[in-house]
Amino acid sequence: MAASSALKRLMNPLIDPAAFDFWVGKVSPLLSWERPLARVVAREVSARDTVTLVLKPNRHVAPVMPGQHLPVTVEVNGVRLTRQYSPTQTGGRLAITVKRVPGGAVSTYLNRDARVGDVLELGTPFGAMRDDPSVPGWLFAAAGSGITPLMSLLRAQAARGRVRTTLMYWARTRADLCFLPELQQMARDWPGLTLIPVLTREADLVPGEDRGRPDSDLLARHVPDLATRQVYACGPAGFVGQLERLTADTAAGFLGEAFTPPERALVAGAPVQVTLARSGRVLEIPAGEALLPALEARGESPAFGCRMGVCHTCACQRLDGTSEDLLNGRQHSEPGMLRLCVSAARSHLTLDL
Amino acid sequence: MTAQQPAPTSLSPVARGNVARRPLTRAQVEAFGAELDALRDRTLADIGEVDARYIKRIYAAVRYTEAVGRVLLFFGIFPPAWILGTLLLGISKILENMELGHNVMHGQYDWMNDPRFDGKTYEWDVVGTSDNWRKTHNFQHHTYTNVKGMDDDVGYGLLRLFPEQRWRPFYLFQPIIAVIFALMFQWGVAIQDLRLGRYFAGKMTREELAEQFRPVGRKMRRQLLKDYAFFPLLAGPFFLPVLLGNLVANGLRNLWTYMIIFCGHFTANAEVFPKEMVENETRGEWYLRQLRGSSNLRGGKLFHIMSGNLSHQIEHHLFPDIPARRYAELSRDVRAICARYGIYYNTGSLASQFGQVVWRILRYAFPSKPVKLAGKTLVVD
């Protein structure tokens, strides 16, 4: 291994990684100079509109800790799209469970089109929510699809045993709960686990369920020993913020991971935040205003050329958020290239600048 | 001509045929621009899987022709293998340069999010760096197309191709210089952005030049090592045939790209424009200037692919970021739009268009009646 990586370093300046991948890909599609790839080795329908894909990663895929997210890239209609999943690692295999989202290009592709033998491109695992065997008690708070990283943590803890964990899992109705049979089975097999579905729009509750948005009463009822618990919260930004206010000062520790559902396009002139990922600067600019002059007016000096959408000098990655192409009014929300001179923000944006 | 018609603007003395150059009214130019914008939107909305599949196939063709060409050259002591190997390597280099590299670097395939076809990072197989190219070509040439003093590609600071350029005795040598430039085209393009003229005129210090040359020098070294050391050495005793094959393949590409590119803007009816024209230029005016400064080549499908679809130079200049495989179908609409506005659509066979380029090279080596650019306009108010 050490010898091969030394050889690789030596060869690096001589190798065109794309050409290398082109030729070794003829031998096996999993071979690559440096790209993390994985082959689908099993596909199983786990629920309605939900499949679990078992992946065999190549040597460039970094180990994924329970609770971490893994970027998965697929090509749909010629465009490469990336989504984050929370895989479960068993042996040398990774399993991702994908629920089909109406209108979701990647979840639809992975549900409907991905076949055993297909190769997916993976990214670098990320996420700070890790399992820690020295922590005696946990409170996991999940809302909606925020359950997924907590699910792989729960599986790891269930295998480990000797830990008290309460999972409070918010959803609208019982039918919206993912992994419910698996969670119920887990709670039967692992006495330390307390499972509390919290349903906001379910008419009739069964024993063990509760209702309502997160507040101190609800927490006091289900986690009287909060002071001894480490809290992990995962869900929309508002939910995670609320959990942080409720528990950060009283629990043994708090860590939140928020995802923000796609924002609705903002009207022209409304202030939006543009985050420049490389410098870390956050600027406030009006929605609908061309980004290049707006950034310049706030002291940034991105590279530019024609200022009319011709030369691509000012092209940069839109990492997050919705932008509008001012030449045709079309809006784009997928991570991808935009030209600063002919694009405007239509939501909070993160740019690779 | 009736009395109401404005006088025709300065017409190149070599202009051929019955080319009406009546300026359009402002309203006509904007309507013309709006039609092109609509055409652009229609095409962009349709771009997807077929275009992605196409550029991947081009990439595969580059890889296969290169591999087969280089392997054949290892057996280059047999003349048929040498000839076929050299031709295939030349074809591979032409495809990589034009249909793949040039078009990818315009960002035509950025929407794929595929790092292999990323316009900002693609590095092509020529001695010039992609970064310099993105500046001189994507920005200067495409924004200020055929604007004298702003688009360096007007004569490349080396040739006098238009009577609007001032004659100097140096240009008497241009028939020879043009041939050397054609044979060394990739080297000429590589040093274009160094602006050696500024150094010789004392406007740039040696240190500044050395600083700018550093990345170019690195790229040149890499290319030279690859074609004239690595692969010949790999062939062992057949060092020489491999080296010669690589040299000829690079030379073939130089000649071919030079010919195609010169036909794009230096045919008899292609025009140059004054600097003041780009001030407050509207989108419609910009489209019109692109059209009047560019010229197409007629040919079959294979010819268009081998020219990187720069045979559709007009469509490329109107829509530089639309995948080039779309230019053929776009050209039908562009022609129809031009016909509606009475705008001349400059196209012809390679022989005819390149013949006109050669004539310009020969003719403007010699003094000619000066033609003033100042005041030239494409619009009447």
# chains A, B, ... in the order shown; residues from 1 in each chain; ligands from 1
>>> residues_around(residues="Thr148 of chain A", least_positions_apart="6", cutoff="10 Å", atoms="only C-alpha atoms", output="ChimeraX atom specification")
/A:67-69,85-88,96-98,142,154,178-179,234-235
>>> write_last_selection(atoms="N, CA and C atoms", output="mmCIF file, in the first residue's frame")
data_model
loop_
_atom_site.group_PDB
_atom_site.id
_atom_site.type_symbol
_atom_site.label_atom_id
_atom_site.label_comp_id
_atom_site.auth_asym_id
_atom_site.auth_seq_id
_atom_site.Cartn_x
_atom_site.Cartn_y
_atom_site.Cartn_z
ATOM 1 N N GLY A 67 -23.471 8.273 11.375
ATOM 2 C CA GLY A 67 -23.883 9.659 11.598
ATOM 3 C C GLY A 67 -23.354 10.617 10.553
ATOM 4 N N GLN A 68 -22.416 10.160 9.727
ATOM 5 C CA GLN A 68 -21.877 11.042 8.685
ATOM 6 C C GLN A 68 -22.715 10.964 7.408
ATOM 7 N N HIS A 69 -22.534 11.979 6.585
ATOM 8 C CA HIS A 69 -23.227 12.027 5.286
ATOM 9 C C HIS A 69 -22.228 11.722 4.186
ATOM 10 N N TYR A 85 -26.405 11.290 1.396
ATOM 11 C CA TYR A 85 -27.126 10.213 2.079
ATOM 12 C C TYR A 85 -26.339 9.807 3.306
ATOM 13 N N SER A 86 -27.024 9.133 4.225
ATOM 14 C CA SER A 86 -26.362 8.679 5.446
ATOM 15 C C SER A 86 -26.262 7.174 5.373
ATOM 16 N N PRO A 87 -25.136 6.670 4.928
ATOM 17 C CA PRO A 87 -25.047 5.226 4.718
ATOM 18 C C PRO A 87 -24.774 4.466 6.012
ATOM 19 N N THR A 88 -25.099 3.203 5.957
ATOM 20 C CA THR A 88 -24.729 2.299 7.033
ATOM 21 C C THR A 88 -23.632 1.404 6.483
ATOM 22 N N ILE A 96 -27.284 2.567 1.322
ATOM 23 C CA ILE A 96 -28.037 3.813 1.421
ATOM 24 C C ILE A 96 -29.508 3.512 1.165
ATOM 25 N N THR A 97 -30.348 4.157 1.970
ATOM 26 C CA THR A 97 -31.789 3.996 1.792
ATOM 27 C C THR A 97 -32.323 5.306 1.217
ATOM 28 N N VAL A 98 -33.028 5.173 0.115
ATOM 29 C CA VAL A 98 -33.469 6.359 -0.604
ATOM 30 C C VAL A 98 -34.980 6.333 -0.731
ATOM 31 N N ALA A 142 -35.092 14.185 15.975
ATOM 32 C CA ALA A 142 -35.094 14.208 14.516
ATOM 33 C C ALA A 142 -36.407 14.795 14.024
ATOM 34 N N LEU A 154 -27.997 5.115 15.523
ATOM 35 C CA LEU A 154 -28.785 4.171 16.334
ATOM 36 C C LEU A 154 -28.393 2.735 16.038
ATOM 37 N N CYS A 178 -40.226 7.431 8.719
ATOM 38 C CA CYS A 178 -39.401 6.468 7.997
ATOM 39 C C CYS A 178 -38.862 5.443 8.986
ATOM 40 N N PHE A 179 -38.537 4.305 8.501
ATOM 41 C CA PHE A 179 -37.853 3.256 9.285
ATOM 42 C C PHE A 179 -38.657 2.799 10.497
ATOM 43 N N CYS A 234 -31.356 16.946 14.477
ATOM 44 C CA CYS A 234 -31.191 17.012 13.031
ATOM 45 C C CYS A 234 -32.540 17.241 12.366
ATOM 46 N N GLY A 235 -32.621 18.268 11.544
ATOM 47 C CA GLY A 235 -33.879 18.596 10.876
ATOM 48 C C GLY A 235 -33.773 19.974 10.244
#
>>> interface_residues(of="chain B", to="chain A", cutoff="8 Å", atoms="only C-alpha atoms", output="PDB file with C-alpha atoms, in the first residue's frame")
ATOM      1  CA  ASP B  41     -33.450  30.200 -25.293  1.00  0.00           C
ATOM      2  CA  GLY B  48     -29.404  17.523 -22.384  1.00  0.00           C
ATOM      3  CA  GLU B  49     -28.578  13.871 -22.656  1.00  0.00           C
ATOM      4  CA  VAL B  50     -27.822  13.756 -26.420  1.00  0.00           C
ATOM      5  CA  ASP B  51     -25.299  16.573 -26.070  1.00  0.00           C
ATOM      6  CA  ALA B  52     -23.678  14.868 -23.079  1.00  0.00           C
ATOM      7  CA  ARG B  53     -23.464  11.591 -24.984  1.00  0.00           C
ATOM      8  CA  ALA B  60     -13.545   8.565 -26.631  1.00  0.00           C
ATOM      9  CA  ARG B  63      -8.479   8.667 -26.866  1.00  0.00           C
ATOM     10  CA  HIS B 106     -16.106  28.046 -23.807  1.00  0.00           C
ATOM     11  CA  GLY B 107     -18.169  26.470 -21.044  1.00  0.00           C
ATOM     12  CA  ASP B 110     -20.496  23.294 -17.944  1.00  0.00           C
ATOM     13  CA  TRP B 111     -24.134  22.349 -17.358  1.00  0.00           C
ATOM     14  CA  MET B 112     -23.073  18.678 -17.173  1.00  0.00           C
ATOM     15  CA  ASN B 113     -21.192  19.332 -13.880  1.00  0.00           C
ATOM     16  CA  ASP B 114     -18.629  16.832 -15.145  1.00  0.00           C
ATOM     17  CA  ARG B 116     -13.797  16.232 -17.396  1.00  0.00           C
ATOM     18  CA  LYS B 120     -12.649  26.621 -16.185  1.00  0.00           C
ATOM     19  CA  ARG B 134      -9.506  31.756 -21.942  1.00  0.00           C
ATOM     20  CA  LYS B 135      -8.373  35.386 -21.709  1.00  0.00           C
ATOM     21  CA  ASN B 138     -12.987  33.685 -24.773  1.00  0.00           C
ATOM     22  CA  PHE B 139     -12.857  37.232 -23.499  1.00  0.00           C
ATOM     23  CA  GLN B 140     -10.981  39.531 -25.876  1.00  0.00           C
ATOM     24  CA  HIS B 142     -15.301  36.877 -28.477  1.00  0.00           C
ATOM     25  CA  THR B 143     -16.356  40.106 -26.791  1.00  0.00           C
ATOM     26  CA  PRO B 320     -20.331  30.760 -27.958  1.00  0.00           C
ATOM     27  CA  ASP B 321     -21.653  28.846 -24.945  1.00  0.00           C
TER      28      ASP B 321
END
>>> select_by_dssp(residues="segment 129-207 of chain B", states="alpha helix (DSSP H)", output="JSON, numbers by chain")
{"B": [130, 131, 132, 133, 142, 143, 174, 175, 176, 177, 178, 179, 180, 181, 182, 183, 185, 186, 187, 188, 189, 190, 191, 196, 197, 198, 199, 200, 206, 207]}
>>> closest_residue(among="B:Met306, B:Val379, B:Val62, B:Val242", to="Pro79 of chain B", atoms="only C-alpha atoms")
B:Val242
>>> residues_around(residues="Trp138 of chain A", least_positions_apart="5", cutoff="6 Å", atoms="only C-alpha atoms", output="MDAnalysis selection string")
chainID A and resid 165 229:231
>>> write_last_selection(atoms="all heavy atoms", output="PDB file, in the first residue's frame")
ATOM      1  N   THR A 165     -30.507   5.614  25.107  1.00  0.00           N
ATOM      2  CA  THR A 165     -30.777   6.603  24.072  1.00  0.00           C
ATOM      3  C   THR A 165     -32.274   6.811  23.939  1.00  0.00           C
ATOM      4  O   THR A 165     -33.037   5.837  23.893  1.00  0.00           O
ATOM      5  CB  THR A 165     -30.204   6.143  22.721  1.00  0.00           C
ATOM      6  OG1 THR A 165     -28.810   5.925  22.869  1.00  0.00           O
ATOM      7  CG2 THR A 165     -30.445   7.194  21.641  1.00  0.00           C
ATOM      8  N   ARG A 229     -27.694  13.956  29.494  1.00  0.00           N
ATOM      9  CA  ARG A 229     -27.718  13.454  28.107  1.00  0.00           C
ATOM     10  C   ARG A 229     -26.946  14.356  27.147  1.00  0.00           C
ATOM     11  O   ARG A 229     -26.975  15.576  27.250  1.00  0.00           O
ATOM     12  CB  ARG A 229     -29.173  13.398  27.600  1.00  0.00           C
ATOM     13  CG  ARG A 229     -30.093  12.588  28.493  1.00  0.00           C
ATOM     14  CD  ARG A 229     -30.281  11.206  27.962  1.00  0.00           C
ATOM     15  NE  ARG A 229     -31.243  10.461  28.760  1.00  0.00           N
ATOM     16  CZ  ARG A 229     -31.955   9.451  28.281  1.00  0.00           C
ATOM     17  NH1 ARG A 229     -31.834   9.101  27.018  1.00  0.00           N
ATOM     18  NH2 ARG A 229     -32.768   8.795  29.061  1.00  0.00           N
ATOM     19  N   GLN A 230     -26.335  13.720  26.178  1.00  0.00           N
ATOM     20  CA  GLN A 230     -25.771  14.436  25.027  1.00  0.00           C
ATOM     21  C   GLN A 230     -26.878  14.518  23.967  1.00  0.00           C
ATOM     22  O   GLN A 230     -27.513  13.509  23.657  1.00  0.00           O
ATOM     23  CB  GLN A 230     -24.560  13.655  24.494  1.00  0.00           C
ATOM     24  CG  GLN A 230     -24.081  14.049  23.117  1.00  0.00           C
ATOM     25  CD  GLN A 230     -23.348  15.387  23.116  1.00  0.00           C
ATOM     26  OE1 GLN A 230     -22.622  15.713  24.052  1.00  0.00           O
ATOM     27  NE2 GLN A 230     -23.564  16.167  22.075  1.00  0.00           N
ATOM     28  N   VAL A 231     -27.126  15.728  23.461  1.00  0.00           N
ATOM     29  CA  VAL A 231     -28.217  15.913  22.504  1.00  0.00           C
ATOM     30  C   VAL A 231     -27.678  16.053  21.083  1.00  0.00           C
ATOM     31  O   VAL A 231     -26.745  16.835  20.842  1.00  0.00           O
ATOM     32  CB  VAL A 231     -29.047  17.175  22.859  1.00  0.00           C
ATOM     33  CG1 VAL A 231     -30.196  17.348  21.861  1.00  0.00           C
ATOM     34  CG2 VAL A 231     -29.576  17.083  24.279  1.00  0.00           C
TER      35      VAL A 231
END
>>> atom_distance(atom1="atom CA of Asp204 of chain A", atom2="atom CA of Arg174 of chain A")
9.8 Å
>>> atom_distance(atom1="atom CA of Leu243 of chain A", atom2="atom CA of Ala141 of chain A")
8.0 Å
>>> atom_distance(atom1="atom CA of Ser279 of chain A", atom2="atom CA of Gly299 of chain A")
12.5 Å
>>> closest_atom_pairs(of="segment 109-128 of chain B", to="segment 173-193 of chain B", cutoff="8 Å", atoms="only C-alpha atoms", output="tab-separated table")
residue	atom	partner	partner_atom	distance
B:Val126	CA	B:Gln186	CA	6.5
B:Val127	CA	B:Ala190	CA	6.0
B:Gly128	CA	B:Ala190	CA	3.7
>>> residues_around(residues="Asp125 of chain B", least_positions_apart="6", cutoff="9 Å", atoms="only C-alpha atoms", output="list in words")
Lys93, Glu96, Asn97, Gly101 and Gln223 of chain B
>>> write_last_selection(atoms="all heavy atoms", output="PDB file, in the first residue's frame")
ATOM      1  N   LYS B  93      -5.260  14.912 -32.414  1.00  0.00           N
ATOM      2  CA  LYS B  93      -4.874  16.226 -31.884  1.00  0.00           C
ATOM      3  C   LYS B  93      -5.820  17.322 -32.380  1.00  0.00           C
ATOM      4  O   LYS B  93      -6.132  18.265 -31.642  1.00  0.00           O
ATOM      5  CB  LYS B  93      -3.428  16.545 -32.277  1.00  0.00           C
ATOM      6  CG  LYS B  93      -2.407  15.810 -31.396  1.00  0.00           C
ATOM      7  CD  LYS B  93      -0.987  16.020 -31.889  1.00  0.00           C
ATOM      8  CE  LYS B  93       0.035  15.435 -30.918  1.00  0.00           C
ATOM      9  NZ  LYS B  93       0.254  16.281 -29.729  1.00  0.00           N
ATOM     10  N   GLU B  96      -9.085  16.947 -30.428  1.00  0.00           N
ATOM     11  CA  GLU B  96      -8.899  17.370 -29.044  1.00  0.00           C
ATOM     12  C   GLU B  96      -8.822  18.890 -28.967  1.00  0.00           C
ATOM     13  O   GLU B  96      -9.381  19.522 -28.068  1.00  0.00           O
ATOM     14  CB  GLU B  96      -7.622  16.743 -28.482  1.00  0.00           C
ATOM     15  CG  GLU B  96      -7.500  16.813 -26.958  1.00  0.00           C
ATOM     16  CD  GLU B  96      -6.991  18.135 -26.447  1.00  0.00           C
ATOM     17  OE1 GLU B  96      -6.309  18.871 -27.204  1.00  0.00           O
ATOM     18  OE2 GLU B  96      -7.272  18.464 -25.288  1.00  0.00           O
ATOM     19  N   ASN B  97      -8.131  19.471 -29.927  1.00  0.00           N
ATOM     20  CA  ASN B  97      -7.939  20.917 -29.951  1.00  0.00           C
ATOM     21  C   ASN B  97      -9.261  21.651 -30.194  1.00  0.00           C
ATOM     22  O   ASN B  97      -9.595  22.612 -29.513  1.00  0.00           O
ATOM     23  CB  ASN B  97      -6.933  21.232 -31.065  1.00  0.00           C
ATOM     24  CG  ASN B  97      -6.429  22.666 -31.032  1.00  0.00           C
ATOM     25  OD1 ASN B  97      -5.406  22.968 -31.608  1.00  0.00           O
ATOM     26  ND2 ASN B  97      -7.138  23.562 -30.387  1.00  0.00           N
ATOM     27  N   GLY B 101     -11.459  20.523 -26.864  1.00  0.00           N
ATOM     28  CA  GLY B 101     -10.850  21.550 -26.012  1.00  0.00           C
ATOM     29  C   GLY B 101     -11.450  22.931 -26.189  1.00  0.00           C
ATOM     30  O   GLY B 101     -11.921  23.547 -25.227  1.00  0.00           O
ATOM     31  N   GLN B 223       4.729  19.730 -22.985  1.00  0.00           N
ATOM     32  CA  GLN B 223       4.323  19.272 -24.313  1.00  0.00           C
ATOM     33  C   GLN B 223       5.515  18.732 -25.101  1.00  0.00           C
ATOM     34  O   GLN B 223       5.412  17.705 -25.774  1.00  0.00           O
ATOM     35  CB  GLN B 223       3.665  20.420 -25.086  1.00  0.00           C
ATOM     36  CG  GLN B 223       2.314  20.851 -24.544  1.00  0.00           C
ATOM     37  CD  GLN B 223       1.286  19.751 -24.593  1.00  0.00           C
ATOM     38  OE1 GLN B 223       0.867  19.237 -23.553  1.00  0.00           O
ATOM     39  NE2 GLN B 223       0.876  19.348 -25.774  1.00  0.00           N
TER      40      GLN B 223
END
>>> residues_around(residues="Ser216 of chain A", least_positions_apart="4", cutoff="9 Å", atoms="only C-alpha atoms", output="PyMOL selection string")
chain A and resi 220-221+246-247
>>> residues_around(residues="Arg298 of chain A", least_positions_apart="2", cutoff="9 Å", atoms="only C-alpha atoms", output="list in words")
Leu283, Glu284, Ile285, Pro293, Ala294, Leu295, Glu296, Glu300 and Ser301 of chain A
>>> write_last_selection(atoms="N, CA and C atoms", output="short mmCIF file (atom, residue, chain, number, x, y, z; two decimals), in the first residue's frame")
data_model
loop_
_atom_site.label_atom_id
_atom_site.label_comp_id
_atom_site.auth_asym_id
_atom_site.auth_seq_id
_atom_site.Cartn_x
_atom_site.Cartn_y
_atom_site.Cartn_z
N LEU A 283 -22.23 38.42 2.56
CA LEU A 283 -22.64 39.75 2.12
C LEU A 283 -24.15 39.77 1.97
N GLU A 284 -24.72 40.94 2.20
CA GLU A 284 -26.15 41.07 1.97
C GLU A 284 -26.37 41.89 0.70
N ILE A 285 -27.07 41.33 -0.25
CA ILE A 285 -27.34 42.05 -1.49
C ILE A 285 -28.81 41.87 -1.85
N PRO A 293 -21.63 43.15 -10.29
CA PRO A 293 -21.55 44.51 -9.76
C PRO A 293 -21.91 44.57 -8.28
N ALA A 294 -22.83 43.72 -7.84
CA ALA A 294 -23.22 43.73 -6.43
C ALA A 294 -22.05 43.33 -5.54
N LEU A 295 -21.29 42.32 -5.96
CA LEU A 295 -20.13 41.89 -5.17
C LEU A 295 -19.05 42.97 -5.20
N GLU A 296 -18.87 43.57 -6.38
CA GLU A 296 -17.84 44.61 -6.49
C GLU A 296 -18.18 45.80 -5.60
N GLU A 300 -15.63 43.16 -3.06
CA GLU A 300 -15.05 41.94 -3.61
C GLU A 300 -14.52 42.25 -5.01
N SER A 301 -13.52 41.49 -5.46
CA SER A 301 -13.06 41.69 -6.84
C SER A 301 -12.90 40.36 -7.56
#
>>> select_by_dssp(residues="segment 34-185 of chain A", states="strand (DSSP E or B)", output="PyMOL selection string")
chain A and resi 37-47+50-57+69-76+79-85+88-90+93-99+119-122+126+137-143+164-171
>>> closest_residue(among="B:Met150, B:Leu194, B:Ile361, B:Cys263", to="Trp133 of chain B", atoms="only C-alpha atoms")
B:Leu194
>>> residues_around(residues="segment 348-350 of chain A", least_positions_apart="4", cutoff="9 Å", atoms="only C-alpha atoms", output="number ranges by chain")
A: 263, 271-277, 282, 287, 317-323
>>> write_last_selection(atoms="C-alpha atoms", output="PDB file, in the first residue's frame")
ATOM      1  CA  GLU A 263     -36.446  28.213  -0.361  1.00  0.00           C
ATOM      2  CA  PRO A 271     -32.216  41.241   0.813  1.00  0.00           C
ATOM      3  CA  VAL A 272     -30.444  37.894   0.492  1.00  0.00           C
ATOM      4  CA  GLN A 273     -27.260  36.591   2.034  1.00  0.00           C
ATOM      5  CA  VAL A 274     -24.478  35.593  -0.324  1.00  0.00           C
ATOM      6  CA  THR A 275     -21.853  33.439   1.366  1.00  0.00           C
ATOM      7  CA  LEU A 276     -18.416  33.309  -0.251  1.00  0.00           C
ATOM      8  CA  ALA A 277     -17.195  29.846   0.644  1.00  0.00           C
ATOM      9  CA  VAL A 282     -21.208  36.838   4.097  1.00  0.00           C
ATOM     10  CA  ALA A 287     -32.339  39.604  -4.835  1.00  0.00           C
ATOM     11  CA  GLN A 317     -19.664  27.271  -8.667  1.00  0.00           C
ATOM     12  CA  ARG A 318     -23.015  27.861  -7.048  1.00  0.00           C
ATOM     13  CA  LEU A 319     -22.659  25.531  -4.072  1.00  0.00           C
ATOM     14  CA  ASP A 320     -26.072  26.206  -2.587  1.00  0.00           C
ATOM     15  CA  GLY A 321     -29.160  28.282  -3.214  1.00  0.00           C
ATOM     16  CA  THR A 322     -31.215  29.466  -6.170  1.00  0.00           C
ATOM     17  CA  SER A 323     -29.968  31.860  -8.826  1.00  0.00           C
TER      18      SER A 323
END
